[in-house]
file query-v2.pdb (PDB, C-alpha atoms and all ligand atoms)
ATOM      1  CA  MET A 159       0.000   0.000   0.000
ATOM      2  CA  VAL A 160       1.170   3.522  -0.752
ATOM      3  CA  GLN A 161      -0.252   6.770   0.567
ATOM      4  CA  ALA A 162       0.666  10.052  -1.071
ATOM      5  CA  TYR A 163      -0.403  13.599  -0.279
ATOM      6  CA  ALA A 164      -0.285  16.516  -2.715
ATOM      7  CA  PRO A 165      -1.304  20.100  -1.895
ATOM      8  CA  GLY A 166      -3.576  22.371  -3.873
ATOM      9  CA  LYS A 167      -2.305  25.675  -5.190
ATOM     10  CA  ALA A 168      -3.179  29.344  -5.422
ATOM     11  CA  ILE A 169      -2.087  31.335  -8.450
ATOM     12  CA  ILE A 170      -0.965  34.761  -7.270
ATOM     13  CA  PHE A 171      -0.358  36.113 -10.783
ATOM     14  CA  GLY A 172      -0.550  34.986 -14.366
ATOM     15  CA  GLU A 173      -3.412  32.504 -14.762
ATOM     16  CA  HIS A 174      -4.503  32.106 -18.406
ATOM     17  CA  ALA A 175      -1.592  34.251 -19.655
ATOM     18  CA  VAL A 176       0.747  31.384 -18.674
ATOM     19  CA  VAL A 177      -0.981  29.096 -21.188
ATOM     20  CA  TYR A 178       0.480  31.476 -23.841
ATOM     21  CA  GLY A 179       4.008  31.580 -22.379
ATOM     22  CA  HIS A 180       3.722  34.582 -20.047
ATOM     23  CA  PRO A 181       5.008  34.074 -16.504
ATOM     24  CA  ALA A 182       2.822  32.857 -13.643
ATOM     25  CA  VAL A 183       3.519  32.721  -9.916
ATOM     26  CA  ALA A 184       1.766  30.154  -7.747
ATOM     27  CA  VAL A 185       2.133  28.836  -4.232
ATOM     28  CA  ALA A 186       1.237  25.512  -2.650
ATOM     29  CA  ILE A 187      -1.533  25.822  -0.043
ATOM     30  CA  ASN A 188      -2.139  24.045   3.270
ATOM     31  CA  THR A 189      -4.931  21.769   2.025
ATOM     32  CA  GLY A 190      -4.759  18.991  -0.542
ATOM     33  CA  VAL A 191      -5.540  15.487  -1.732
ATOM     34  CA  LYS A 192      -4.521  12.141  -0.231
ATOM     35  CA  VAL A 193      -4.431   9.050  -2.445
ATOM     36  CA  THR A 194      -4.115   5.547  -1.021
ATOM     37  CA  ALA A 195      -3.213   2.925  -3.632
ATOM     38  CA  THR A 196      -3.164  -0.853  -3.126
ATOM     39  CA  LEU A 197      -2.491  -3.629  -5.648
ATOM     40  CA  ASN A 198      -5.821  -5.343  -6.311
ATOM     41  CA  SER A 199      -7.650  -7.748  -8.627
ATOM     42  CA  LYS A 200      -9.666  -4.898 -10.292
ATOM     43  CA  TRP A 201      -9.099  -1.233 -11.187
ATOM     44  CA  THR A 202     -11.255   0.775  -8.747
ATOM     45  CA  VAL A 203     -11.517   4.278  -7.327
ATOM     46  CA  ASP A 204     -13.412   4.536  -4.040
ATOM     47  CA  ASP A 205     -14.871   1.066  -4.696
ATOM     48  CA  ARG A 206     -16.230   1.932  -8.146
ATOM     49  CA  GLN A 207     -14.742   0.757 -11.409
ATOM     50  CA  LEU A 208     -12.065   3.181 -12.680
ATOM     51  CA  ASN A 209     -13.486   4.977 -15.724
ATOM     52  CA  SER A 210     -12.241   7.842 -17.846
ATOM     53  CA  SER A 211     -15.351  10.024 -17.520
ATOM     54  CA  GLN A 212     -15.149  10.181 -13.713
ATOM     55  CA  HIS A 213     -11.409   9.982 -13.218
ATOM     56  CA  PRO A 214      -9.741  10.972 -16.486
ATOM     57  CA  HIS A 215      -6.451  11.862 -14.749
ATOM     58  CA  ILE A 216      -6.055   8.549 -12.922
ATOM     59  CA  LYS A 217      -7.150   6.633 -16.025
ATOM     60  CA  TRP A 218      -4.526   8.409 -18.164
ATOM     61  CA  LEU A 219      -1.793   7.888 -15.568
ATOM     62  CA  THR A 220      -2.514   4.172 -15.187
ATOM     63  CA  GLU A 221      -2.639   3.694 -18.973
ATOM     64  CA  ASN A 222       0.738   5.383 -19.244
ATOM     65  CA  SER A 223       2.359   3.498 -16.378
ATOM     66  CA  SER A 224       4.315   0.268 -16.258
ATOM     67  CA  LEU A 225       1.910  -1.247 -13.708
ATOM     68  CA  ASN A 226       1.114  -4.828 -14.555
ATOM     69  CA  GLN A 227      -1.491  -5.417 -11.867
ATOM     70  CA  PRO A 228      -4.716  -3.472 -11.195
ATOM     71  CA  VAL A 229      -4.878  -0.996  -8.334
ATOM     72  CA  ARG A 230      -7.532   0.068  -5.841
ATOM     73  CA  PHE A 231      -7.394   3.845  -5.313
ATOM     74  CA  ARG A 232      -8.968   5.701  -2.425
ATOM     75  CA  ILE A 233      -9.151   9.481  -2.490
ATOM     76  CA  THR A 234      -9.692  11.912   0.361
ATOM     77  CA  SER A 235      -9.540  15.631  -0.228
ATOM     78  CA  ASP A 236     -10.029  18.834   1.701
ATOM     79  CA  LEU A 237      -9.953  20.921  -1.479
ATOM     80  CA  HIS A 238     -13.152  22.122  -3.113
ATOM     81  CA  PRO A 239     -13.353  20.377  -6.503
ATOM     82  CA  ALA A 240     -13.513  22.553  -9.637
ATOM     83  CA  ALA A 241     -12.757  25.616  -7.533
ATOM     84  CA  GLY A 242      -9.445  26.961  -8.822
ATOM     85  CA  GLN A 243      -7.544  25.322  -5.955
ATOM     86  CA  GLY A 244      -5.794  22.818  -8.220
ATOM     87  CA  SER A 245      -7.684  19.758  -6.996
ATOM     88  CA  SER A 246      -7.248  17.843 -10.265
ATOM     89  CA  ALA A 247      -3.518  18.684 -10.336
ATOM     90  CA  ALA A 248      -3.142  17.568  -6.706
ATOM     91  CA  LEU A 249      -5.048  14.365  -7.509
ATOM     92  CA  SER A 250      -2.801  13.757 -10.534
ATOM     93  CA  VAL A 251       0.376  14.401  -8.535
ATOM     94  CA  ALA A 252      -0.626  12.210  -5.568
ATOM     95  CA  SER A 253      -1.844   9.435  -7.914
ATOM     96  CA  GLN A 254       1.355   9.548  -9.972
ATOM     97  CA  ILE A 255       3.503   9.283  -6.828
ATOM     98  CA  ALA A 256       1.482   6.250  -5.715
ATOM     99  CA  ILE A 257       1.610   4.648  -9.186
ATOM    100  CA  ALA A 258       5.370   5.215  -9.521
ATOM    101  CA  LYS A 259       6.002   3.801  -6.052
ATOM    102  CA  LEU A 260       3.838   0.703  -6.716
ATOM    103  CA  SER A 261       5.720   0.223 -10.023
ATOM    104  CA  GLY A 262       9.050   0.306  -8.184
ATOM    105  CA  LEU A 263      10.012   3.594  -9.876
ATOM    106  CA  ALA A 264      11.515   6.768  -8.411
ATOM    107  CA  THR A 265       9.116   9.465  -7.238
ATOM    108  CA  ASP A 266      11.293  12.383  -8.274
ATOM    109  CA  PRO A 267       9.170  15.577  -7.983
ATOM    110  CA  VAL A 268      10.190  16.737 -11.483
ATOM    111  CA  GLU A 269       9.200  13.451 -13.175
ATOM    112  CA  VAL A 270       5.995  13.329 -11.132
ATOM    113  CA  SER A 271       5.222  16.888 -12.154
ATOM    114  CA  LYS A 272       5.760  16.126 -15.879
ATOM    115  CA  MET A 273       3.509  13.040 -15.862
ATOM    116  CA  ALA A 274       0.799  14.844 -13.885
ATOM    117  CA  HIS A 275       0.953  17.770 -16.344
ATOM    118  CA  MET A 276       0.386  15.427 -19.300
ATOM    119  CA  ALA A 277      -2.581  13.853 -17.482
ATOM    120  CA  GLU A 278      -4.027  17.346 -16.882
ATOM    121  CA  ALA A 279      -3.537  18.340 -20.512
ATOM    122  CA  ALA A 280      -5.185  15.129 -21.737
ATOM    123  CA  ALA A 281      -8.225  15.946 -19.560
ATOM    124  CA  GLN A 282      -8.347  19.598 -20.742
ATOM    125  CA  SER A 283      -8.507  19.201 -24.530
ATOM    126  CA  GLY A 284      -4.732  19.407 -24.795
ATOM    127  CA  ARG A 285      -4.433  22.835 -23.163
ATOM    128  CA  ALA A 286      -2.822  23.078 -19.746
ATOM    129  CA  SER A 287       0.177  24.905 -18.432
ATOM    130  CA  PRO A 288       2.404  23.041 -15.950
ATOM    131  CA  THR A 289       1.642  25.618 -13.225
ATOM    132  CA  ASP A 290      -0.789  23.643 -11.059
ATOM    133  CA  THR A 291       1.019  20.310 -11.254
ATOM    134  CA  ALA A 292       4.519  21.783 -10.715
ATOM    135  CA  THR A 293       3.332  23.810  -7.710
ATOM    136  CA  SER A 294       1.623  20.807  -6.139
ATOM    137  CA  SER A 295       4.646  18.581  -6.707
ATOM    138  CA  LEU A 296       7.445  21.013  -5.787
ATOM    139  CA  GLY A 297       5.656  23.086  -3.137
ATOM    140  CA  GLY A 298       6.701  26.587  -2.064
ATOM    141  CA  CYS A 299       6.557  29.453  -4.542
ATOM    142  CA  VAL A 300       6.795  28.342  -8.161
ATOM    143  CA  VAL A 301       7.388  30.488 -11.230
ATOM    144  CA  VAL A 302       6.444  29.212 -14.671
ATOM    145  CA  ALA A 303       7.298  31.009 -17.923
ATOM    146  CA  ARG A 304       8.468  30.593 -21.496
ATOM    147  CA  GLU A 305      11.556  32.542 -20.425
ATOM    148  CA  LEU A 306      12.133  32.266 -16.702
ATOM    149  CA  PRO A 307      12.674  35.641 -14.999
ATOM    150  CA  LYS A 308      16.159  35.939 -13.443
ATOM    151  CA  LEU A 309      14.650  36.223  -9.957
ATOM    152  CA  ALA A 310      13.692  32.548  -9.988
ATOM    153  CA  THR A 311      16.017  29.521  -9.833
ATOM    154  CA  LYS A 312      15.445  27.077 -12.671
ATOM    155  CA  VAL A 313      14.216  23.582 -11.747
ATOM    156  CA  PHE A 314      13.268  22.047 -15.136
ATOM    157  CA  ASP A 315      12.045  22.634 -18.690
ATOM    158  CA  THR A 316       8.936  21.106 -20.163
ATOM    159  CA  HIS A 317       6.778  21.337 -23.271
ATOM    160  CA  LEU A 318       3.422  20.257 -24.630
ATOM    161  CA  GLU A 319       1.737  19.930 -28.030
ATOM    162  CA  THR A 320      -1.465  22.000 -27.785
ATOM    163  CA  PRO A 321      -4.186  22.674 -30.391
ATOM    164  CA  GLU A 322      -2.436  26.064 -30.896
ATOM    165  CA  GLY A 323       0.988  24.479 -31.452
ATOM    166  CA  LYS A 324       3.922  23.451 -29.301
ATOM    167  CA  ARG A 325       4.312  25.334 -26.012
ATOM    168  CA  SER A 326       7.477  25.319 -23.900
ATOM    169  CA  TRP A 327       7.892  26.422 -20.315
ATOM    170  CA  THR A 328      10.665  26.654 -17.750
ATOM    171  CA  ILE A 329       9.729  25.989 -14.146
ATOM    172  CA  GLY A 330      11.604  27.715 -11.347
ATOM    173  CA  LYS A 331      11.341  28.257  -7.625
ATOM    174  CA  MET A 332      11.593  31.480  -5.716
ATOM    175  CA  GLN A 333      12.574  32.040  -2.103
ATOM    176  CA  VAL A 334       9.957  34.041  -0.252
ATOM    177  CA  GLY A 335      10.636  35.830   3.008
ATOM    178  CA  GLU A 336       7.969  33.725   4.698
ATOM    179  CA  THR A 337       9.674  33.760   8.063
ATOM    180  CA  ASP A 338       9.847  37.539   8.133
ATOM    181  CA  GLU A 339       7.822  39.144  10.859
ATOM    182  CA  GLY A 340       4.692  40.628   9.365
ATOM    183  CA  THR A 341       4.475  38.354   6.323
ATOM    184  CA  PRO A 342       0.829  38.506   5.312
ATOM    185  CA  HIS A 343      -1.397  35.460   4.771
ATOM    186  CA  LEU A 344      -3.451  34.389   1.821
ATOM    187  CA  VAL A 345      -7.152  33.806   2.295
ATOM    188  CA  LEU A 346      -8.991  31.804  -0.346
ATOM    189  CA  GLY A 347     -12.714  32.369  -0.748
ATOM    190  CA  TYR A 348     -14.734  29.715  -2.545
ATOM    191  CA  THR A 349     -17.830  31.102  -4.262
ATOM    192  CA  GLY A 350     -19.670  27.768  -4.105
ATOM    193  CA  ASN A 351     -19.899  27.776  -7.912
ATOM    194  CA  PRO A 352     -17.774  25.401  -9.980
ATOM    195  CA  SER A 353     -15.060  26.658 -12.297
ATOM    196  CA  HIS A 354     -14.455  24.551 -15.408
ATOM    197  CA  THR A 355     -10.801  25.025 -16.298
ATOM    198  CA  GLY A 356     -10.988  23.380 -19.746
ATOM    199  CA  LYS A 357     -14.041  25.468 -20.674
ATOM    200  CA  MET A 358     -12.546  28.757 -19.438
ATOM    201  CA  VAL A 359      -9.198  28.111 -21.168
ATOM    202  CA  ALA A 360     -11.082  27.299 -24.401
ATOM    203  CA  MET A 361     -13.157  30.493 -23.998
ATOM    204  CA  VAL A 362      -9.994  32.612 -23.755
ATOM    205  CA  ALA A 363      -8.542  30.764 -26.772
ATOM    206  CA  ASP A 364     -11.691  31.657 -28.798
ATOM    207  CA  ARG A 365     -11.667  35.220 -27.564
ATOM    208  CA  ILE A 366      -8.126  35.968 -28.667
ATOM    209  CA  THR A 367      -8.917  34.889 -32.215
ATOM    210  CA  SER A 368     -11.784  37.425 -32.478
ATOM    211  CA  ASP A 369     -10.825  40.264 -30.111
ATOM    212  CA  PRO A 370      -7.384  41.961 -30.309
ATOM    213  CA  LEU A 371      -8.011  43.501 -26.867
ATOM    214  CA  ALA A 372      -8.027  40.019 -25.338
ATOM    215  CA  ARG A 373      -4.456  39.446 -26.493
ATOM    216  CA  GLU A 374      -3.499  42.866 -25.036
ATOM    217  CA  ASN A 375      -5.053  41.882 -21.700
ATOM    218  CA  LEU A 376      -3.010  38.673 -21.617
ATOM    219  CA  ASP A 377       0.146  40.660 -22.437
ATOM    220  CA  SER A 378      -0.672  43.119 -19.603
ATOM    221  CA  ILE A 379      -1.093  40.201 -17.187
ATOM    222  CA  GLY A 380       2.418  39.121 -18.211
ATOM    223  CA  GLU A 381       3.796  42.601 -17.400
ATOM    224  CA  ILE A 382       1.923  42.818 -14.083
ATOM    225  CA  THR A 383       3.262  39.383 -13.140
ATOM    226  CA  SER A 384       6.854  40.489 -13.784
ATOM    227  CA  MET A 385       6.346  43.508 -11.499
ATOM    228  CA  GLY A 386       4.583  41.371  -8.902
ATOM    229  CA  LEU A 387       7.483  38.899  -8.895
ATOM    230  CA  LEU A 388       9.959  41.643  -8.115
ATOM    231  CA  ALA A 389       7.699  42.800  -5.289
ATOM    232  CA  ILE A 390       7.425  39.263  -3.839
ATOM    233  CA  LYS A 391      11.192  38.859  -4.009
ATOM    234  CA  SER A 392      11.707  42.045  -2.012
ATOM    235  CA  SER A 393       8.808  41.301   0.387
ATOM    236  CA  ALA A 394       7.089  44.534  -0.742
ATOM    237  CA  TRP A 395       3.696  43.081   0.158
ATOM    238  CA  ASP A 396       1.705  46.262  -0.426
ATOM    239  CA  VAL A 397       3.027  46.344  -4.007
ATOM    240  CA  VAL A 398       2.231  42.624  -4.396
ATOM    241  CA  GLY A 399      -1.334  43.476  -3.350
ATOM    242  CA  MET A 400      -1.588  46.351  -5.849
ATOM    243  CA  ALA A 401      -0.359  44.049  -8.607
ATOM    244  CA  MET A 402      -2.994  41.462  -7.591
ATOM    245  CA  ASP A 403      -5.726  44.113  -7.924
ATOM    246  CA  ALA A 404      -4.388  45.117 -11.349
ATOM    247  CA  CYS A 405      -4.206  41.480 -12.460
ATOM    248  CA  HIS A 406      -7.835  40.998 -11.461
ATOM    249  CA  GLN A 407      -8.949  43.935 -13.639
ATOM    250  CA  LYS A 408      -7.387  42.243 -16.673
ATOM    251  CA  LEU A 409      -8.900  38.842 -15.846
ATOM    252  CA  ARG A 410     -12.254  40.542 -15.436
ATOM    253  CA  ALA A 411     -11.877  42.275 -18.809
ATOM    254  CA  LEU A 412     -11.308  38.819 -20.305
ATOM    255  CA  GLY A 413     -14.773  37.828 -19.063
ATOM    256  CA  LEU A 414     -13.463  35.492 -16.344
ATOM    257  CA  SER A 415     -15.108  37.031 -13.274
ATOM    258  CA  THR A 416     -18.641  36.441 -11.987
ATOM    259  CA  PRO A 417     -21.007  38.471  -9.763
ATOM    260  CA  MET A 418     -20.156  36.277  -6.735
ATOM    261  CA  LEU A 419     -16.399  36.612  -7.342
ATOM    262  CA  GLU A 420     -16.859  40.393  -7.627
ATOM    263  CA  GLU A 421     -18.892  40.475  -4.407
ATOM    264  CA  LEU A 422     -16.222  38.620  -2.401
ATOM    265  CA  ILE A 423     -13.295  40.497  -3.975
ATOM    266  CA  THR A 424     -14.906  43.869  -3.288
ATOM    267  CA  ALA A 425     -16.011  42.930   0.248
ATOM    268  CA  VAL A 426     -12.483  41.992   1.393
ATOM    269  CA  ARG A 427     -10.639  44.939  -0.217
ATOM    270  CA  PRO A 428     -10.858  47.273   2.838
ATOM    271  CA  HIS A 429      -8.977  44.662   4.918
ATOM    272  CA  SER A 430      -6.610  43.392   2.234
ATOM    273  CA  LEU A 431      -3.428  44.434   0.499
ATOM    274  CA  GLY A 432      -4.916  43.024  -2.704
ATOM    275  CA  SER A 433      -7.540  40.593  -3.974
ATOM    276  CA  LYS A 434      -8.317  38.812  -7.219
ATOM    277  CA  LEU A 435      -9.870  35.733  -8.703
ATOM    278  CA  THR A 436      -7.476  32.804  -8.687
ATOM    279  CA  GLY A 437      -7.338  29.889 -11.103
ATOM    280  CA  ALA A 438      -9.512  29.571 -14.172
ATOM    281  CA  GLY A 439     -12.364  31.892 -13.063
ATOM    282  CA  GLY A 440     -16.006  31.687 -14.170
ATOM    283  CA  GLY A 441     -16.712  30.633 -10.548
ATOM    284  CA  GLY A 442     -14.295  28.893  -8.207
ATOM    285  CA  CYS A 443     -12.179  30.958  -5.824
ATOM    286  CA  MET A 444     -10.966  34.441  -5.138
ATOM    287  CA  MET A 445      -7.951  35.156  -2.968
ATOM    288  CA  ALA A 446      -6.823  38.005  -0.762
ATOM    289  CA  LEU A 447      -3.390  38.916   0.540
ATOM    290  CA  THR A 448      -3.901  40.322   4.008
ATOM    291  CA  ASN A 449      -2.481  41.142   7.412
ATOM    292  CA  GLU A 450      -5.951  40.530   8.887
ATOM    293  CA  PRO A 451      -6.654  36.927   7.809
ATOM    294  CA  GLU A 452      -9.358  36.214  10.404
ATOM    295  CA  ARG A 453     -11.265  39.360   9.530
ATOM    296  CA  VAL A 454     -11.048  38.630   5.805
ATOM    297  CA  ALA A 455     -12.141  35.005   6.373
ATOM    298  CA  GLN A 456     -15.156  36.230   8.368
ATOM    299  CA  THR A 457     -16.047  38.735   5.650
ATOM    300  CA  ILE A 458     -15.935  35.992   3.006
ATOM    301  CA  GLU A 459     -18.183  33.718   5.101
ATOM    302  CA  MET A 460     -20.598  36.584   5.790
ATOM    303  CA  HIS A 461     -20.984  37.087   2.051
ATOM    304  CA  GLY A 462     -21.782  33.402   1.497
ATOM    305  CA  GLY A 463     -18.306  32.137   0.555
ATOM    306  CA  LYS A 464     -16.172  29.447   2.191
ATOM    307  CA  ALA A 465     -12.856  30.729   3.513
ATOM    308  CA  ASN A 466      -9.496  29.034   3.954
ATOM    309  CA  VAL A 467      -6.530  30.832   5.512
ATOM    310  CA  THR A 468      -3.165  29.590   4.237
ATOM    311  CA  PRO A 469       0.403  30.763   4.807
ATOM    312  CA  ILE A 470       2.203  32.177   1.777
ATOM    313  CA  ILE A 471       4.400  29.080   1.697
ATOM    314  CA  SER A 472       3.404  25.425   2.189
ATOM    315  CA  PRO A 473       5.345  22.239   1.361
ATOM    316  CA  GLY A 474       4.863  20.138  -1.787
ATOM    317  CA  ALA A 475       3.788  16.527  -2.311
ATOM    318  CA  VAL A 476       5.008  13.710  -0.052
ATOM    319  CA  ILE A 477       4.714   9.967   0.435
ATOM    320  CA  LEU A 478       2.871   9.404   3.712
ATOM    321  CA  GLY A 479       3.389   5.714   4.309
ATOM    322  CA  LEU A 480       4.126   2.342   2.755
TER     323      LEU A 480
HETATM  324  C1  LIG B   1      -5.796  27.008 -13.856
HETATM  325  O1  LIG B   1      -5.527  26.786 -12.484
HETATM  326  C2  LIG B   1      -4.795  27.932 -14.431
HETATM  327  C3  LIG B   1      -4.987  28.290 -15.893
HETATM  328  O2  LIG B   1      -3.961  29.233 -16.224
HETATM  329  C4  LIG B   1      -4.891  27.088 -16.781
HETATM  330  C5  LIG B   1      -3.492  26.512 -16.877
HETATM  331  O3  LIG B   1      -2.522  27.172 -16.495
HETATM  332  O4  LIG B   1      -3.408  25.386 -17.393
HETATM  333  C6  LIG B   1      -6.330  28.957 -16.133
END
call {"tool": "encode", "arguments": {"input": "query-v2.pdb", "output": "structure tokens"}}
result
Amino acid sequence: MVQAYAPGKAIIFGEHAVVYGHPAVAVAINTGVKVTATLNSKWTVDDRQLNSSQHPHIKWLTENSSLNQPVRFRITSDLHPAAGQGSSAALSVASQIAIAKLSGLATDPVEVSKMAHMAEAAAQSGRASPTDTATSSLGGCVVVARELPKLATKVFDTHLETPEGKRSWTIGKMQVGETDEGTPHLVLGYTGNPSHTGKMVAMVADRITSDPLARENLDSIGEITSMGLLAIKSSAWDVVGMAMDACHQKLRALGLSTPMLEELITAVRPHSLGSKLTGAGGGGCMMALTNEPERVAQTIEMHGGKANVTPIISPGAVILGL
């Protein structure tokens, strides 16, 4: 038996733009997915037959593994599914660790991240950046870009054939002054409405073919992300917050916000350094950077959202037991 845990993620800057090569910055959060895998006589997930419509990521990973005996998977998660918290990436990462371990292979975080990214892409019509899977696997603060900004330390390169052509990314990590006194927290606010990553990514892809402004918005997100990165590196948290606000305006202009996201984002602004939607949008989660995490969490709950306070930095995926 193998048990693996992989955290969810919060994208601080750069969602959607990263699919087109612009930089993104994401951090692992303090909640995630646990997968328990045991060799078995049948392929099952939570006692039901493994099938590609319910568990496309696990199905893809098992089909692309060297396992020669079926596996029983059990999943427990404290992430909201389809909420921009990277639950499918965390599931893919934890499953891949378990599959690799059961196959007698190494569970190197880079290899795990690459396999999980391909599983994500297969489940999202071929379009997925490695942001969610790399952040879940590596933990900490992860930077993803076609050309990695100098502020980050390179970890690996990866690429993917997408319907729009081949995309290449470099994945790096960045040290964050998380032990500094006064480091703010992130608060995630779940709207209660699902966010369909594949659908939202496809919507942006359609939009940039018909609306030149959409491409400009993605380019602006890239520039805001570069400024935000510099601010994170120098622990200039008020500037990080301003950049988050600016990023949200661009995501909103791309049609990715919703009335509930706007309600939560606006409600927390008086107590936050910055707030924005996080992940694919169209529902899912918003996030705030704040020195008053309890107050922001209460505000989110009062407006009908579900809040989760997380430090800026949390560890990546691990094997829990054998
Ligand atoms: C989803 O968490 C982030 C997106 O940028 C999609 C991706 O990077 O694959 C919307």
call {"tool": "resolve_selection", "arguments": {"input": "query-v2.pdb", "expression": "the PyMOL selection byres (((chain A and resi 259-275) around 7) and not hetatm)", "output": "ChimeraX atom specification"}}
result
/A:224-225,247,250-251,254-258,276-279,288,291-292,295-296
call {"tool": "residues_near_point", "arguments": {"input": "query-v2.pdb", "point": "(-10.4, 32.4, -12.7)", "cutoff": "7 Å", "atoms": "all atoms listed in the file", "output": "ChimeraX atom specification"}}
result
/A:242,414-415,435-442
call {"tool": "residues_near_point", "arguments": {"input": "query-v2.pdb", "point": "(8.4, 19.7, -18.8)", "cutoff": "7 Å", "atoms": "all atoms listed in the file", "output": "list in words"}}
result
Lys272, Phe314, Asp315, Thr316, His317 and Trp327 of chain A
call {"tool": "write_last_selection", "arguments": {"input": "query-v2.pdb", "atoms": "C-alpha atoms", "output": "PDB file, in the frame of the given file"}}
result
ATOM      1  CA  LYS A 272       5.760  16.126 -15.879  1.00  0.00           C
ATOM      2  CA  PHE A 314      13.268  22.047 -15.136  1.00  0.00           C
ATOM      3  CA  ASP A 315      12.045  22.634 -18.690  1.00  0.00           C
ATOM      4  CA  THR A 316       8.936  21.106 -20.163  1.00  0.00           C
ATOM      5  CA  HIS A 317       6.778  21.337 -23.271  1.00  0.00           C
ATOM      6  CA  TRP A 327       7.892  26.422 -20.315  1.00  0.00           C
TER       7      TRP A 327
END
call {"tool": "residues_around", "arguments": {"input": "query-v2.pdb", "residues": "Val300 of chain A", "least_positions_apart": "5", "cutoff": "10 Å", "atoms": "all atoms listed in the file", "output": "PyMOL selection string"}}
result
chain A and resi 167+169+182-186+289-290+292-294+310-313+329-333
call {"tool": "resolve_selection", "arguments": {"input": "query-v2.pdb", "expression": "the PyMOL selection byres (((chain A and resi 407) around 12) and not hetatm)", "output": "PyMOL selection string"}}
result
chain A and resi 171+375-376+378-379+382+400-406+408-415+420+423-424+432-435
call {"tool": "axis_aligned_box", "arguments": {"input": "query-v2.pdb", "around": "ligand LIG 1 (chain B)", "padding_each_side": "3 Å", "output": "JSON"}}
result
{"center_x": -4.4, "center_y": 27.3, "center_z": -14.9, "size_x": 9.8, "size_y": 9.8, "size_z": 10.9}
call {"tool": "atom_distance", "arguments": {"input": "query-v2.pdb", "atom1": "atom CA of Pro214 of chain A", "atom2": "atom CA of Ala280 of chain A"}}
result
8.1 Å
call {"tool": "atom_distance", "arguments": {"input": "query-v2.pdb", "atom1": "atom C4 of ligand LIG 1 (chain B)", "atom2": "atom CA of Leu309 of chain A"}}
result
22.6 Å
call {"tool": "atom_distance", "arguments": {"input": "query-v2.pdb", "atom1": "atom CA of Thr196 of chain A", "atom2": "atom CA of Pro473 of chain A"}}
result
25.0 Å
call {"tool": "resolve_selection", "arguments": {"input": "query-v2.pdb", "expression": "the PyMOL selection byres (((chain A and resi 197) around 6) and not hetatm)", "output": "PyMOL selection string"}}
result
chain A and resi 196+198+228-229
call {"tool": "closest_residue", "arguments": {"input": "query-v2.pdb", "among": "A:Gly474, A:Pro165, A:Gly356, A:Pro321", "to": "ligand LIG 1 (chain B)", "atoms": "all atoms listed in the file"}}
result
A:Gly356
call {"tool": "closest_residue", "arguments": {"input": "query-v2.pdb", "among": "A:Arg373, A:Lys357, A:His343, A:His215", "to": "His429 of chain A", "atoms": "all atoms listed in the file"}}
result
A:His343
call {"tool": "closest_residue", "arguments": {"input": "query-v2.pdb", "among": "A:Ser368, A:Ser246, A:Thr349, A:Gln227", "to": "ligand LIG 1 (chain B)", "atoms": "all atoms listed in the file"}}
result
A:Ser246
call {"tool": "closest_residue", "arguments": {"input": "query-v2.pdb", "among": "A:Gly166, A:Ala195, A:Thr234, A:Gly244", "to": "ligand LIG 1 (chain B)", "atoms": "all atoms listed in the file"}}
result
A:Gly244
call {"tool": "closest_residue", "arguments": {"input": "query-v2.pdb", "among": "A:Met361, A:Ala162, A:Val193, A:Ala465", "to": "ligand LIG 1 (chain B)", "atoms": "all atoms listed in the file"}}
result
A:Met361
call {"tool": "closest_residue", "arguments": {"input": "query-v2.pdb", "among": "A:Val476, A:Cys299, A:Leu208, A:Cys443", "to": "ligand LIG 1 (chain B)", "atoms": "all atoms listed in the file"}}
result
A:Cys443
call {"tool": "decode", "arguments": {"input": "query-v2.pdb", "residues": "segment 232-240 of chain A", "atoms": "N, CA and C atoms", "output": "compact mmCIF listing (two decimals), in the first residue's frame"}}
result
# COMPACT_ATOMS: atom_id res chain seq x y z
N ARG A 232 -8.02 4.99 -3.30
CA ARG A 232 -8.97 5.70 -2.43
C ARG A 232 -8.51 7.15 -2.35
N ILE A 233 -9.50 8.06 -2.46
CA ILE A 233 -9.15 9.48 -2.49
C ILE A 233 -9.83 10.19 -1.33
N THR A 234 -9.06 10.98 -0.58
CA THR A 234 -9.69 11.91 0.36
C THR A 234 -9.12 13.29 0.06
N SER A 235 -9.98 14.29 0.17
CA SER A 235 -9.54 15.63 -0.23
C SER A 235 -10.17 16.68 0.67
N ASP A 236 -9.39 17.69 1.03
CA ASP A 236 -10.03 18.83 1.70
C ASP A 236 -9.96 20.07 0.81
N LEU A 237 -9.86 19.82 -0.50
CA LEU A 237 -9.95 20.92 -1.48
C LEU A 237 -11.36 20.91 -2.05
N HIS A 238 -11.87 22.10 -2.40
CA HIS A 238 -13.15 22.12 -3.11
C HIS A 238 -12.87 21.71 -4.55
N PRO A 239 -13.62 20.76 -5.11
CA PRO A 239 -13.35 20.38 -6.50
C PRO A 239 -13.80 21.47 -7.47
N ALA A 240 -13.17 21.56 -8.60
CA ALA A 240 -13.51 22.55 -9.64
C ALA A 240 -13.64 23.96 -9.04
